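Data file: coords35.cif. Format and content: mmCIF, C-alpha atoms.
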data_protein
#
loop_
_atom_site.label_atom_id
_atom_site.label_comp_id
_atom_site.auth_asym_id
_atom_site.auth_seq_id
_atom_site.Cartn_x
_atom_site.Cartn_y
_atom_site.Cartn_z
CA MET A 1 1.32 -13.08 -46.02
CA ASP A 2 2.74 -10.03 -44.30
CA ALA A 3 1.24 -9.11 -40.93
CA ILE A 4 -1.31 -6.30 -40.95
CA ARG A 5 -0.39 -3.55 -38.51
CA ASN A 6 -2.99 -2.92 -35.78
CA THR A 7 -3.44 0.83 -36.18
CA VAL A 8 -6.63 0.79 -34.09
CA LEU A 9 -4.76 -0.39 -30.99
CA GLU A 10 -1.99 2.12 -31.67
CA ALA A 11 -4.54 4.95 -31.87
CA TRP A 12 -6.18 3.87 -28.61
CA MET A 13 -2.82 3.77 -26.82
CA THR A 14 -1.87 7.20 -28.10
CA GLU A 15 -5.22 8.66 -27.06
CA HIS A 16 -4.97 7.23 -23.53
CA GLY A 17 -1.27 7.91 -22.99
CA TYR A 18 -0.03 4.31 -22.88
CA SER A 19 3.42 3.18 -23.95
CA SER A 20 4.01 -0.47 -24.81
CA ASN A 21 5.55 -1.08 -21.40
CA SER A 22 2.85 0.69 -19.39
CA LEU A 23 0.05 -1.15 -21.24
CA ALA A 24 1.83 -4.45 -20.59
CA ASP A 25 2.03 -3.61 -16.87
CA ALA A 26 -1.66 -2.69 -16.73
CA VAL A 27 -2.71 -5.91 -18.48
CA ASN A 28 -0.45 -7.97 -16.20
CA ARG A 29 -2.24 -6.53 -13.16
CA ALA A 30 -5.61 -7.26 -14.75
CA VAL A 31 -4.50 -10.85 -15.47
CA GLU A 32 -3.65 -11.20 -11.78
CA GLN A 33 -7.14 -10.02 -10.83
CA LEU A 34 -8.55 -12.60 -13.23
CA THR A 35 -6.37 -15.64 -12.51
CA GLY A 36 -4.59 -14.93 -9.22
CA ARG A 37 -1.23 -15.00 -11.02
CA VAL A 38 0.47 -11.92 -12.41
CA GLY A 39 0.71 -11.83 -16.21
CA GLY A 40 3.98 -12.32 -18.07
CA LEU A 41 3.69 -9.61 -20.72
CA ASP A 42 6.33 -6.99 -21.46
CA GLY A 43 6.74 -4.17 -23.94
CA SER A 44 7.71 -6.57 -26.73
CA SER A 45 4.38 -8.40 -26.30
CA VAL A 46 2.43 -5.20 -26.94
CA ARG A 47 4.68 -4.27 -29.85
CA ALA A 48 3.83 -7.65 -31.38
CA TRP A 49 0.13 -6.77 -31.07
CA LYS A 50 0.69 -3.40 -32.76
CA ALA A 51 2.76 -4.93 -35.54
CA GLY A 52 0.05 -7.53 -36.19
CA ARG A 53 2.36 -10.47 -35.42
CA VAL A 54 -0.16 -11.49 -32.74
CA ALA A 55 -3.62 -10.96 -34.23
CA TRP A 56 -5.63 -12.65 -31.44
CA PRO A 57 -4.11 -12.81 -27.89
CA LYS A 58 -4.74 -15.73 -25.57
CA SER A 59 -8.06 -15.86 -23.73
CA ALA A 60 -6.94 -14.61 -20.28
CA THR A 61 -4.77 -11.89 -21.79
CA ARG A 62 -7.58 -10.83 -24.10
CA THR A 63 -10.09 -10.59 -21.24
CA ALA A 64 -7.60 -8.62 -19.13
CA LEU A 65 -6.97 -6.22 -22.03
CA GLU A 66 -10.71 -5.70 -22.39
CA ASP A 67 -10.92 -4.87 -18.68
CA VAL A 68 -8.13 -2.32 -19.01
CA THR A 69 -9.50 -0.62 -22.12
CA GLY A 70 -13.23 -1.08 -21.57
CA LEU A 71 -13.52 -2.29 -25.18
CA PRO A 72 -13.98 -5.72 -26.77
CA ALA A 73 -10.88 -7.09 -28.46
CA VAL A 74 -12.37 -6.82 -31.96
CA ALA A 75 -12.99 -3.09 -31.35
CA LEU A 76 -9.24 -2.76 -30.66
CA GLY A 77 -8.35 -4.12 -34.10
CA PHE A 78 -7.75 -7.76 -33.15
CA VAL A 79 -8.99 -10.48 -35.52
CA PRO A 80 -10.38 -13.79 -34.12
CA ARG A 81 -8.78 -16.96 -35.43
CA GLY A 82 -10.59 -18.37 -38.43
CA ARG A 83 -12.00 -15.01 -39.51
CA PRO A 84 -10.85 -13.76 -42.93
CA SER A 85 -7.81 -11.49 -42.72
CA PRO A 86 -8.18 -7.82 -43.52
CA THR A 87 -7.24 -6.56 -46.96
CA PRO A 88 -3.56 -5.76 -47.54
CA ALA A 89 -2.22 -2.57 -46.03
CA PRO A 90 -3.03 0.54 -48.10
CA SER A 91 -0.42 2.99 -49.26
CA GLN A 92 0.73 5.72 -46.87
CA GLN A 93 -1.54 8.34 -48.51
CA GLU A 94 -4.49 5.94 -48.60
CA GLU A 95 -3.93 5.07 -44.96
CA HIS A 96 -3.82 8.78 -44.08
CA ASP A 97 -7.08 9.43 -45.93
CA MET A 98 -8.69 6.38 -44.34
CA LYS A 99 -7.74 7.50 -40.82
CA ARG A 100 -9.09 10.98 -41.53
CA ARG A 101 -12.40 9.62 -42.82
CA THR A 102 -12.66 7.24 -39.87
CA LEU A 103 -11.99 10.06 -37.41
CA VAL A 104 -14.50 12.42 -39.03
CA GLY A 105 -17.07 9.66 -39.29
CA GLY A 106 -16.52 8.72 -35.65
CA ILE A 107 -16.98 12.30 -34.50
CA ALA A 108 -20.18 12.60 -36.54
CA ALA A 109 -21.53 9.36 -35.13
CA ALA A 110 -20.71 10.46 -31.58
CA ALA A 111 -22.46 13.79 -32.16
CA ALA A 112 -25.53 12.06 -33.53
CA ALA A 113 -25.64 9.71 -30.56
CA ALA A 114 -25.34 12.62 -28.15
CA ALA A 115 -28.15 14.47 -29.93
CA ALA A 116 -30.53 11.50 -29.79
CA PRO A 117 -32.19 11.43 -26.35
CA GLY A 118 -31.89 8.19 -24.43
CA THR A 119 -29.55 6.52 -26.91
CA ALA A 120 -26.13 7.37 -25.41
CA SER A 121 -24.23 4.35 -24.13
CA PRO A 122 -23.18 4.37 -20.47
CA ARG A 123 -19.54 4.90 -19.70
CA ARG A 124 -17.45 1.75 -19.55
CA ILE A 125 -15.33 1.54 -16.37
CA GLY A 126 -12.12 -0.44 -16.82
CA MET A 127 -8.91 -1.35 -15.03
CA SER A 128 -7.29 1.82 -16.35
CA ASP A 129 -9.67 3.79 -14.11
CA VAL A 130 -8.73 1.63 -11.14
CA ASN A 131 -5.03 2.05 -11.93
CA ARG A 132 -5.33 5.83 -11.99
CA LEU A 133 -6.84 5.78 -8.49
CA ASN A 134 -4.11 3.45 -7.26
CA LYS A 135 -1.37 5.78 -8.55
CA ARG A 136 -2.83 8.56 -6.42
CA PHE A 137 -3.02 6.12 -3.51
CA ALA A 138 0.72 5.50 -3.83
CA GLU A 139 1.28 9.23 -3.32
CA ILE A 140 -0.71 9.09 -0.07
CA ILE A 141 1.38 6.16 1.18
CA ALA A 142 4.58 8.12 0.42
CA SER A 143 3.23 11.11 2.37
CA ASP A 144 2.33 8.85 5.28
CA HIS A 145 5.90 7.55 5.49
CA ARG A 146 7.26 11.10 5.54
CA HIS A 147 4.81 12.63 8.01
CA GLY A 148 2.43 10.01 9.45
CA GLY A 149 -0.64 10.52 11.60
CA GLN A 150 -1.70 13.80 10.00
CA PRO A 151 -5.43 14.58 9.56
CA GLY A 152 -4.69 15.75 6.02
CA ILE A 153 -3.45 12.28 5.03
CA GLU A 154 -6.52 10.71 6.63
CA GLU A 155 -8.83 13.09 4.74
CA ARG A 156 -7.14 12.48 1.39
CA ALA A 157 -7.33 8.70 1.80
CA ALA A 158 -10.99 8.84 2.84
CA ALA A 159 -11.84 11.10 -0.11
CA LEU A 160 -10.13 8.68 -2.48
CA ALA A 161 -12.21 5.83 -1.01
CA ASP A 162 -15.38 7.81 -1.70
CA GLU A 163 -14.17 8.46 -5.25
CA ALA A 164 -13.73 4.72 -5.81
CA LEU A 165 -17.31 4.10 -4.66
CA ASN A 166 -18.65 6.90 -6.85
CA LEU A 167 -16.91 5.31 -9.82
CA GLN A 168 -18.96 2.14 -9.22
CA ASN A 169 -22.06 4.08 -10.22
CA ALA A 170 -20.47 6.02 -13.08
CA GLY A 171 -21.00 3.37 -15.76
CA SER A 172 -20.90 -0.30 -16.67
CA ALA A 173 -18.05 -2.60 -15.62
CA THR A 174 -17.16 -6.26 -15.40
CA GLN A 175 -17.38 -8.04 -12.07
CA ARG A 176 -13.58 -8.13 -11.90
CA VAL A 177 -13.37 -4.36 -12.28
CA ARG A 178 -16.06 -3.84 -9.64
CA SER A 179 -14.23 -6.15 -7.24
CA SER A 180 -11.02 -4.20 -7.88
CA LEU A 181 -12.81 -0.91 -7.16
CA TYR A 182 -14.14 -2.27 -3.87
CA ALA A 183 -10.65 -3.53 -2.99
CA SER A 184 -9.14 -0.14 -3.81
CA GLY A 185 -11.81 1.65 -1.78
CA ALA A 186 -11.09 -0.67 1.15
CA ALA A 187 -7.34 -0.01 0.82
CA PHE A 188 -7.88 3.75 0.77
CA ARG A 189 -10.19 3.62 3.78
CA SER A 190 -7.67 1.38 5.55
CA SER A 191 -5.00 4.05 5.03
CA ALA A 192 -7.35 6.63 6.54
CA MET A 193 -7.78 4.24 9.46
CA TRP A 194 -4.00 3.91 9.86
CA ALA A 195 -3.47 7.67 9.79
CA ALA A 196 -6.07 8.03 12.55
CA ILE A 197 -4.38 5.28 14.61
CA ASP A 198 -0.99 6.90 14.13
CA GLY A 199 -2.47 10.20 15.31
CA ARG A 200 -4.13 8.50 18.32
CA ARG A 201 -7.63 9.38 17.04
CA TYR A 202 -9.03 5.99 17.92
CA ASP A 203 -12.78 6.69 17.68
CA VAL A 204 -12.28 8.02 14.15
CA ALA A 205 -10.07 5.00 13.33
CA LYS A 206 -12.87 2.63 14.37
CA ALA A 207 -15.31 4.35 12.01
CA HIS A 208 -12.84 3.99 9.13
CA MET A 209 -12.30 0.35 10.12
CA ARG A 210 -16.00 -0.53 9.88
CA GLU A 211 -16.27 1.04 6.43
CA ALA A 212 -13.06 -0.64 5.25
CA GLN A 213 -14.21 -4.06 6.47
CA SER A 214 -17.49 -3.74 4.59
CA LEU A 215 -15.74 -2.81 1.34
CA ALA A 216 -13.18 -5.58 1.78
CA GLU A 217 -15.92 -8.19 2.11
CA MET A 218 -17.52 -7.00 -1.13
CA SER A 219 -14.17 -7.15 -2.90
CA GLY A 220 -13.24 -10.65 -1.77
CA ASP A 221 -9.60 -9.52 -1.70
CA GLN A 222 -7.61 -11.50 0.87
CA ALA A 223 -4.69 -9.06 1.01
CA ILE A 224 -6.82 -6.06 1.93
CA LYS A 225 -8.76 -8.11 4.49
CA PHE A 226 -5.41 -8.99 6.06
CA ARG A 227 -4.36 -5.35 6.13
CA ILE A 228 -7.53 -4.11 7.81
CA TRP A 229 -7.63 -6.76 10.55
CA SER A 230 -3.89 -6.40 11.11
CA HIS A 231 -4.38 -2.65 11.53
CA ALA A 232 -7.20 -3.36 13.97
CA GLY A 233 -4.82 -5.48 16.04
CA THR A 234 -2.29 -2.65 16.11
CA MET A 235 -4.99 -0.15 17.10
CA TYR A 236 -6.12 -2.23 20.07
CA ARG A 237 -2.48 -2.77 21.09
CA HIS A 238 -1.90 0.99 21.18
CA MET A 239 -5.10 1.32 23.20
CA GLY A 240 -3.75 -1.11 25.82
CA ARG A 241 -6.25 -3.87 24.99
CA PRO A 242 -4.03 -6.88 24.19
CA ALA A 243 -6.86 -9.46 24.24
CA ASP A 244 -8.79 -7.57 21.56
CA ALA A 245 -5.56 -6.92 19.68
CA CYS A 246 -4.72 -10.62 19.63
CA ALA A 247 -8.23 -11.57 18.47
CA ALA A 248 -8.18 -9.05 15.60
CA ASN A 249 -4.68 -10.04 14.50
CA ASP A 250 -5.70 -13.71 14.58
CA VAL A 251 -8.37 -12.97 11.98
CA ALA A 252 -5.63 -11.66 9.68
CA ARG A 253 -3.26 -14.52 10.44
CA ASN A 254 -5.92 -17.18 9.77
CA LEU A 255 -6.59 -16.03 6.20
CA HIS A 256 -5.31 -18.60 3.71
CA LEU A 257 -3.15 -15.86 2.17
CA THR A 258 -0.68 -16.29 5.05
CA ARG A 259 -0.23 -19.95 4.15
CA ARG A 260 0.42 -19.06 0.53
CA ASP A 261 2.83 -16.15 1.09
CA PRO A 262 5.43 -16.29 3.90
CA LEU A 263 5.82 -12.49 3.89
CA PHE A 264 2.20 -12.00 4.99
CA ALA A 265 2.73 -14.75 7.57
CA SER A 266 5.85 -12.94 8.81
CA LEU A 267 4.02 -9.63 9.28
CA GLY A 268 1.17 -11.33 11.12
CA LEU A 269 3.61 -13.09 13.45
CA ALA A 270 5.68 -9.94 14.07
CA ARG A 271 2.60 -7.96 15.03
CA GLN A 272 1.50 -10.87 17.22
CA GLY A 273 4.88 -10.68 18.93
CA ALA A 274 4.36 -6.98 19.65
CA ILE A 275 0.95 -7.79 21.16
CA HIS A 276 2.45 -10.52 23.36
CA GLY A 277 5.00 -7.96 24.57
CA THR A 278 2.20 -5.59 25.63
CA ALA A 279 0.56 -8.53 27.44
CA GLN A 280 3.87 -9.25 29.25
CA ASN A 281 4.10 -12.73 27.76
CA ARG A 282 7.85 -13.16 27.36
CA THR A 283 7.93 -16.72 25.99
CA ASP A 284 5.29 -16.13 23.31
CA THR A 285 6.97 -12.86 22.33
CA ARG A 286 10.28 -14.55 21.68
CA ARG A 287 8.67 -17.44 19.80
CA ALA A 288 6.58 -15.14 17.59
CA PHE A 289 9.60 -13.11 16.50
CA GLU A 290 11.66 -16.21 15.82
CA GLN A 291 8.86 -17.53 13.60
CA ALA A 292 8.41 -14.12 11.93
CA GLN A 293 12.12 -13.99 11.08
CA ASP A 294 12.05 -17.52 9.69
CA ALA A 295 9.00 -16.75 7.53
CA MET A 296 10.64 -13.58 6.18
CA LEU A 297 13.71 -15.54 5.15
CA ARG A 298 11.50 -18.03 3.28
CA ALA A 299 9.62 -15.32 1.36
CA ASP A 300 10.53 -14.93 -2.31
CA PRO A 301 11.34 -11.24 -2.95
CA ALA A 302 10.29 -11.66 -6.60
CA ASP A 303 6.67 -12.57 -5.77
CA HIS A 304 4.08 -9.97 -6.71
CA ARG A 305 2.60 -8.21 -3.66
CA PRO A 306 0.42 -5.14 -2.96
CA VAL A 307 2.16 -1.77 -2.99
CA TRP A 308 1.15 -1.03 0.61
CA LEU A 309 2.96 -4.15 1.88
CA LEU A 310 6.13 -3.58 -0.15
CA ALA A 311 6.17 0.07 0.92
CA PHE A 312 6.83 -0.67 4.58
CA TYR A 313 7.31 -4.31 5.60
CA ASP A 314 10.92 -5.43 5.57
CA GLN A 315 13.65 -6.37 8.05
CA ALA A 316 13.64 -2.86 9.53
CA GLU A 317 9.92 -3.04 10.32
CA LEU A 318 10.31 -6.49 11.88
CA ASP A 319 13.05 -5.12 14.15
CA SER A 320 10.89 -2.07 14.93
CA LEU A 321 8.07 -4.30 16.17
CA ALA A 322 10.57 -6.36 18.20
CA LEU A 323 11.94 -3.15 19.71
CA SER A 324 8.43 -2.15 20.82
CA ALA A 325 7.75 -5.58 22.30
CA TYR A 326 10.98 -5.83 24.30
CA LEU A 327 10.57 -2.30 25.61
CA SER A 328 7.16 -3.32 26.93
CA LEU A 329 8.71 -6.39 28.55
CA GLY A 330 11.46 -4.32 30.20
CA ASP A 331 14.18 -6.25 28.34
CA TYR A 332 16.14 -3.09 27.49
CA PRO A 333 19.38 -4.61 26.12
CA THR A 334 17.39 -6.69 23.60
CA ALA A 335 15.28 -3.64 22.75
CA GLU A 336 18.45 -1.62 22.12
CA TYR A 337 19.80 -4.36 19.87
CA HIS A 338 16.69 -4.31 17.68
CA ALA A 339 16.68 -0.50 17.62
CA HIS A 340 20.19 -0.38 16.16
CA ARG A 341 19.31 -3.08 13.60
CA CYS A 342 16.21 -1.17 12.59
CA LEU A 343 17.99 2.16 12.17
CA ALA A 344 20.74 0.52 10.12
CA SER A 345 18.31 -0.87 7.53
CA LEU A 346 15.54 1.75 7.41
CA ARG A 347 14.92 3.09 3.92
CA PRO A 348 15.67 6.84 3.58
CA HIS A 349 12.05 7.87 2.96
CA MET A 350 10.82 6.25 6.21
CA VAL A 351 11.05 9.53 8.13
CA ARG A 352 8.22 8.80 10.54
CA SER A 353 9.58 5.33 11.37
CA ARG A 354 13.08 6.72 12.00
CA ALA A 355 11.72 9.26 14.48
CA ILE A 356 9.75 6.58 16.36
CA THR A 357 12.69 4.16 16.46
CA THR A 358 15.12 6.86 17.63
CA THR A 359 12.77 7.83 20.45
CA ARG A 360 12.37 4.23 21.55
CA LEU A 361 16.15 3.75 21.48
CA ALA A 362 16.48 6.75 23.80
CA HIS A 363 14.06 5.09 26.23
CA ALA A 364 16.02 1.81 26.12
CA LEU A 365 19.31 3.60 26.82
CA LEU A 366 17.86 5.66 29.68
CA ALA A 367 16.42 2.55 31.32
CA GLN A 368 19.93 1.06 31.33
CA GLY A 369 21.34 4.11 33.16
CA ALA A 370 22.97 5.81 30.15
CA ALA A 371 21.30 9.20 30.64
CA GLU A 372 23.74 11.22 28.54
CA ALA A 373 23.69 8.81 25.60
CA ALA A 374 19.91 8.58 25.85
CA THR A 375 19.52 12.37 25.79
CA ALA A 376 21.90 12.74 22.86
CA THR A 377 19.85 10.11 20.99
CA ALA A 378 16.51 11.78 21.76
CA MET A 379 17.88 15.10 20.52
CA LYS A 380 18.35 13.56 17.07
CA VAL A 381 14.58 13.41 16.56
CA PRO A 382 13.63 16.17 14.08
CA ALA A 383 11.63 19.07 15.51
CA ASP A 384 8.83 18.49 13.03
CA ALA A 385 8.23 14.92 14.21
CA ALA A 386 8.73 15.88 17.88
CA THR A 387 6.01 18.52 17.78
CA ARG A 388 3.55 17.34 15.12
CA HIS A 389 3.45 13.54 15.38
CA ALA A 390 1.17 12.47 18.24
CA ARG A 391 2.96 9.21 19.06
CA VAL A 392 6.44 10.71 18.92
CA SER A 393 5.41 13.73 21.00
CA ARG A 394 3.91 11.55 23.70
CA MET A 395 6.97 9.24 23.86
CA LEU A 396 9.33 12.23 24.11
CA GLN A 397 7.25 13.74 26.91
CA GLU A 398 7.50 10.41 28.73
CA PHE A 399 11.24 10.37 28.07
CA GLY A 400 11.63 13.84 29.63
CA ALA A 401 9.65 12.80 32.70
CA ALA A 402 11.77 9.65 33.12
CA LEU A 403 14.98 11.63 32.64
CA ARG A 404 14.00 14.13 35.35
CA ALA A 405 13.12 11.26 37.70
CA THR A 406 16.40 9.46 36.96
CA ALA A 407 18.81 12.40 37.09
CA PRO A 408 17.10 15.37 38.79
CA ARG A 409 18.95 18.75 38.70
CA SER A 410 21.68 17.29 36.46
CA THR A 411 23.23 19.09 33.49
CA THR A 412 21.69 16.42 31.28
CA VAL A 413 18.19 17.46 32.36
CA GLN A 414 19.11 21.10 31.74
CA THR A 415 20.39 20.23 28.26
CA TRP A 416 17.19 18.37 27.46
CA THR A 417 15.00 21.21 28.76
CA GLU A 418 16.82 23.77 26.65
CA HIS A 419 16.57 21.53 23.59
CA THR A 420 12.81 20.99 23.91
CA THR A 421 12.39 24.76 24.25
CA THR A 422 13.89 25.17 20.78
CA TRP A 423 11.35 22.62 19.48
CA ARG A 424 8.46 24.66 20.84
CA THR A 425 9.93 27.83 19.36
CA ALA A 426 10.35 26.16 15.96
CA ALA A 427 6.78 24.90 16.05
#
In structure tokens, how does this file's structure come out?
Amino acid sequence: MDAIRNTVLEAWMTEHGYSSNSLADAVNRAVEQLTGRVGGLDGSSVRAWKAGRVAWPKSATRTALEDVTGLPAVALGFVPRGRPSPTPAPSQQEEHDMKRRTLVGGIAAAAAAAAAPGTASPRRIGMSDVNRLNKRFAEIIASDHRHGGQPGIEERAAALADEALNLQNAGSATQRVRSSLYASGAAFRSSAMWAAIDGRRYDVAKAHMREAQSLAEMSGDQAIKFRIWSHAGTMYRHMGRPADACAANDVARNLHLTRRDPLFASLGLARQGAIHGTAQNRTDTRRAFEQAQDAMLRADPADHRPVWLLAFYDQAELDSLALSAYLSLGDYPTAEYHAHRCLASLRPHMVRSRAITTTRLAHALLAQGAAEAATATAMKVPADAATRHARVSRMLQEFGAALRATAPRSTTVQTWTEHTTTWRTAA
């Protein structure tokens, strides 16, 4: 018997703006939430559903699809195995008339339900709602990489976290969807925390951290727990509290996620190395970065990972953390080496990271007596980053003070002074 086309699923996809590929991607993510392993669907899988070649998807796929759509599989036109098949497909005109009657009948039923007090069904929250929030979150991450540390980024991320929590109370949802909403809210709040850290607003960052930790616990999501505690370690490192930084980063590193995925282990070790540098522990710094590099090389690039991790952690970020650590230790040649490696592999959109790395390279060069080269390097930092990014501004002020102490009344100092005047004028 010929397969019966699933026009109900097709209509739902059209109404909600899904292509075959985008629905496959959404269901794959929902399968991962369900099983811990990303689904293996593609556009051809969904086209098989629409064509009726697959009338009843496998259990995990079916449950994931229900999470995405907020509807049971039978309401999407799927037929359980063993149930009698639908009647043969009508003619084109009959099908047109049937769709019209179904649409009119559906509208009438919806109107009647709305008119009857107390009978309206609550909204069904699904993975599609979570995915829409996460798309907006990706835009915030992109803005952070361009600008970093700005209160506007912090406010947008915090507002998105509140929106995720409000969605919890907007209707019914499965436990998996609720866990995903809590995880998304924790991720958004964690980004607000990072923006505050980057802008040196540490009291505000701590408030975001407490909220993010609470949401992460409710979600049960290991990756977001790692991110929050790892951020806490970085915050305490910037505050000059290496013992607290090490303790917070250890919480992240001891999650079983780091034993399952070498890339998470690598990030935890690299940040531990930066903390050891702040604590002036040379041996542990070197060992941590050697282990971080080894773990990165063992990580499978094809493994599915959160967007926030893929957006920033790579070889350039590992070298950036090593640069920070060796600057703290006073090992300026090694710091310079990592600075050049970092700049060579930074992705083009990492504007904030490039400004920070360039400034640190200038410090490493100046400490080795190369005042002219150091000044020429510092002058490459864009005016926008030099005047608006709290960390970059502070490091450049420290560079100017060190330059004046190293080469007072020199033409290099005069050049630097004139250049910084143009920054202030531009600002």
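For the file shown, the residue list from the PyMOL selection byres ((chain A and resi 345) around 12) reads Phe312, Tyr313, Asp314, Gln315, Ala316, Glu317, Leu318, Asp319, Ser320, His338, Ala339, His340, Arg341, Cys342, Leu343, Ala344, Leu346, Arg347, Pro348, His349, Met350, Ser353, Arg354 and Thr357 of chain A.
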Print the selection's residues with C-alpha atoms to a file, as an mmCIF file, keeping the file's coordinate frame.
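Written file, part20.cif:
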data_model
loop_
_atom_site.group_PDB
_atom_site.id
_atom_site.type_symbol
_atom_site.label_atom_id
_atom_site.label_comp_id
_atom_site.auth_asym_id
_atom_site.auth_seq_id
_atom_site.Cartn_x
_atom_site.Cartn_y
_atom_site.Cartn_z
ATOM 1 C CA PHE A 312 6.830 -0.670 4.580
ATOM 2 C CA TYR A 313 7.310 -4.310 5.600
ATOM 3 C CA ASP A 314 10.920 -5.430 5.570
ATOM 4 C CA GLN A 315 13.650 -6.370 8.050
ATOM 5 C CA ALA A 316 13.640 -2.860 9.530
ATOM 6 C CA GLU A 317 9.920 -3.040 10.320
ATOM 7 C CA LEU A 318 10.310 -6.490 11.880
ATOM 8 C CA ASP A 319 13.050 -5.120 14.150
ATOM 9 C CA SER A 320 10.890 -2.070 14.930
ATOM 10 C CA HIS A 338 16.690 -4.310 17.680
ATOM 11 C CA ALA A 339 16.680 -0.500 17.620
ATOM 12 C CA HIS A 340 20.190 -0.380 16.160
ATOM 13 C CA ARG A 341 19.310 -3.080 13.600
ATOM 14 C CA CYS A 342 16.210 -1.170 12.590
ATOM 15 C CA LEU A 343 17.990 2.160 12.170
ATOM 16 C CA ALA A 344 20.740 0.520 10.120
ATOM 17 C CA LEU A 346 15.540 1.750 7.410
ATOM 18 C CA ARG A 347 14.920 3.090 3.920
ATOM 19 C CA PRO A 348 15.670 6.840 3.580
ATOM 20 C CA HIS A 349 12.050 7.870 2.960
ATOM 21 C CA MET A 350 10.820 6.250 6.210
ATOM 22 C CA SER A 353 9.580 5.330 11.370
ATOM 23 C CA ARG A 354 13.080 6.720 12.000
ATOM 24 C CA THR A 357 12.690 4.160 16.460
#
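Comparing A:Tyr337, A:Asp244, A:Ala212, A:Gly199 by their smallest distance to Ser393 (chain A), the closest is A:Gly199 (using only C-alpha atoms).
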Test item: which residues lie within 12 Å of (23.0, 10.2, 29.2) counting all atoms listed in the file, as a ChimeraX atom specification: /A:362-379,399-400,402-404,406-407,410-416
Write out as a PyMOL selection string which residues come within 12 Å of Arg210 (chain A) when counting all atoms listed in the file, dropping same-chain ones fewer than 2 positions away. chain A and resi 186+189-190+192-193+203-208+212-217+225+228-229+231-232
Taking all atoms listed in the file into account, name the residue in A:Met13, A:Ser266, A:Ser230, A:Ala355 that is nearest to Val251 (chain A).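 Comparing A:Met13, A:Ser266, A:Ser230, A:Ala355 against Val251 (chain A), the winner is A:Ser230.
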Excluding same-chain residues fewer than 2 positions from region 283-294 of chain A, what lies within 10 Å of it counting all atoms listed in the file, as a PyMOL selection string? chain A and resi 262-281+296-299+315+318-319+321-322+325-326+329
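One finds CA of Lys135 (chain A) at 23.4 Å from CA of Glu10 (chain A).
The list of residues with at least one atom within 7 Å of Ala383 (chain A), based on all atoms listed in the file and without residues fewer than 3 positions apart in the same chain, reads A:Ala386, A:Thr387, A:Trp423.
Put simply, CA of Arg227 (chain A) is 8.1 Å away from CA of Ala187 (chain A).
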